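The structure under discussion appears below in the form of structure tokens.
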Amino acid sequence: MRLSNLNREALRKKIKKPPLGYRTPAALLLLGILSTVLLLWTSHTSEHEAIQDLTTDDAIRQLEIAVATSHLWLEEALSGDPSIDITEIRRDLDRSVELVLLVLQGGTASPGGYTLEPLREPELRRQAEEVRARLVELTDFSIGRYSRGGVAGVGTEMDQNFDEKFLYLLRLSDGLRQGLAERSARLQARSRRRLSMLMTAWIVLVTAASAGLFNQERRRRQAEITLRQREAELHQAQKMEAVGRLAGGIAHDINNYLGAIRGYCEVAALKNPGNPALARQMDAAMQTATEASNLIRQLLAFSRKQPVAPRVVNLNRIVAKMEGMARQLLGDDVILSSEQDPEVWSVEVDPSQTEQILLNLLVNSRDAMPTGGEIVVKTRNLEQGPEQDGGKPVLAPGRYAVLSVVDTGHGIPPEFREKIFEPFFTTKADMGSSGVGLATVYGIVRQNGGSISVASEPGKGTTIEIFLPAHDRQASDAEPRVDADGRPFTGPVKVLLVEDNDYMRAATGDLLKALGHDVLVTADAREALEIVAGSEPPLDLLVTDVVMPGLSGPELLSRIREKRRSLPCLFISGYSDNVVLRYGLDQEHADFLQKPFTARNLALKIGELVNVQEPGVS
């Protein structure tokens, strides 16, 4: 269940990690609050400034009215109206001085009750100070003129001087009002600029918010697609894990039975070398056992329990190597071509598994083109960043070598697309399909840390892409060495065989005897220890099953080597889930042989372990 747990952990992290777009609403709220505060402040400031301007203008108008009224009272008094005295004239003039001081220094007007702020602009203050000075001068002149009586009447020289002072004061007050009007215009322009800036900020804000929300929605959809893909992968992995447990559980027993069948056939062939008919029959039986063993390997492949021997390889070389076989497999009515990236990155996989992937994909494409068509095998490089393509599998960031098979077949209906990698699912049962081909591909790809994607439309063909993690090291040109010249060793060697399966124990014992060895046979480790303790002469080799009741094969060897430190050992097992690594079979003078095995392979292993090179059976 390790792979399923990893998928669940990745899925959990993906769900918990919030998309960056979730920051957009918080930023939108903050900017909205700031913009609202600025708008309210600007509105309040503009309103306050407008009130101040109107109030100041009103104060100056009242000043002018008061001055004009005092002038009128003075003229009527000098014209002989006895009801007007200096108090009324002085009251209006003093009122004018109070108003100009209010404009200069600020304060609350009486009886109006309105409040003015003091003038701050130097030029306006200068004009207001001059108005005040002229008011004081006009007040003194008015009192002096009133006291002079008829000498100061209308048409006199003093009257002309008074009128000049009065008109000059009015011009000064008009100039102050004009200055205030210009200031008001400037303030209004500034307010409009502020509002324009705020509107621009709002437009930018709305644009940014829209972009952020769009990005958030895009990320949400991408996360949803990724989540669905992860769930599908997890669901598929759980199915494969269930089948893998079943396959792994029965593989040991089936391999034992197949080993027994093959062993008896080998013994019969070895004991009757001059009987061609028997040899043909035994060959047929052994071929049948081999086919059954291959089926087991297929089941283990898509359940990811098949032992592998990965090495750094180049996909282009594998495609080139398989091309001849593939053409024979596909037939004359299918056109096969390839488009290879000459700089494709190397990958670390088992070459035989990669060949199996390619063959299964080619067979699947051929079955989709019953009347012929075209298949293109492609290789390319892919550097995956953090962003995921919704149409592709979820890939961790990194470099990948991609193997693609593109056909012009009838395509895959949408309702079948999610099921094509399920074990034993097939729409071609009438063609003899077992439904394990694409499941095998899926299992191998996942076993090697890769991913797979399918793009297909009915009537428009199918594209299957395999993504394998790239390896930094370059693939070697040399193929692994195979000792084709080694010859089986036929004994005699004194061998202790420990095997808990009755059929396999009997068949292997007979096969060892047919190879010329002296064989002691036992079914459990306890009895084996007793045989070793009393064996005369000493044993030359231990052949033991790995997984047994009580002591396992490695534990048995450790017990024996307490007294026989250099005893060679050959481990045999029907389990296929990398049993060598799982049980730590890395002891010196020990080797491993997978069941079912041939007489030649058994003889070669024995010869390597006991360091004997003699001619034997062919």
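For the structure tokens, the naming scheme is as follows: chains receive sequential letters (A, B, ...) according to their order of presentation, residues are indexed from 1 within each chain, and ligands are indexed from 1 in presentation order.
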
Task: For Leu539 in chain A: contacts at 9 Å, only C-alpha atoms, fewer than 4 positions along chain excluded, given as number ranges by chain - done: A: 493-496, 532, 535, 567

Task: Backbone-only DSSP, helix (DSSP H, G or I) members of range 313-523 of chain A, as a ChimeraX atom specification - done: /A:315-330,351-367,414-417,429-431,437-447,502-514

TODO: Extract the full set of strand (DSSP E) residues from range 71-270 of chain A according to DSSP on the backbone, and format it as a PyMOL selection string.
DONE: chain A and resi 107-108+115-116

Write a file of the selected residues as a tab-separated table (two decimals), in the first residue's frame, keeping C-alpha atoms.
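See result.tsv below for the written result:
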chain	number	residue	atom	x	y	z
A	107	GLY	CA	-13.20	83.16	15.00
A	108	THR	CA	-16.97	83.13	15.45
A	115	THR	CA	-16.98	80.42	12.27
A	116	LEU	CA	-14.08	81.47	10.08

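Among the candidate residues A:Leu34, A:Val267, A:Leu176, A:Val347, the one lying nearest to Lys513 in chain A is A:Val267, with distances computed using only C-alpha atoms.
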
Open item on the list: Would you compute the distance between CA of Arg526 in chain A and CA of Leu542 in chain A? Give it in Å to one decimal.
Closed with: 14.1 Å

Open item on the list: Report as a VMD selection string all protein, DNA and RNA residues lying within 8 Å of Ser70 in chain A, evaluated on only C-alpha atoms, omitting residues in the same chain fewer than 5 positions from it.
Closed with: chain A and resid 88 to 90 92 to 93

Go ahead and write the selection's residues with N, CA and C atoms as a CSV table (one decimal), in the first residue's frame.
chain,number,residue,atom,x,y,z
A,88,GLU,N,-24.0,106.0,15.4
A,88,GLU,CA,-24.5,105.1,14.3
A,88,GLU,C,-23.4,104.9,13.3
A,89,ILE,N,-22.8,106.1,12.9
A,89,ILE,CA,-21.7,106.0,11.9
A,89,ILE,C,-20.5,105.2,12.5
A,90,ARG,N,-20.2,105.5,13.8
A,90,ARG,CA,-19.1,104.7,14.4
A,90,ARG,C,-19.4,103.2,14.5
A,92,ASP,N,-21.1,101.2,12.4
A,92,ASP,CA,-20.9,100.5,11.2
A,92,ASP,C,-19.4,100.4,10.8
A,93,LEU,N,-18.7,101.5,11.1
A,93,LEU,CA,-17.3,101.4,10.8
A,93,LEU,C,-16.6,100.4,11.7

Task: All residues 12 Å or closer to Arg126 in chain A, only C-alpha atoms, same chain fewer than 5 positions away omitted, as a count of residues only - done: 14

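In this comparison, which uses only C-alpha atoms, the residue of A:Glu47, A:Ser352, A:Asn364, A:Met282 approaching Tyr264 in chain A most closely is A:Met282.
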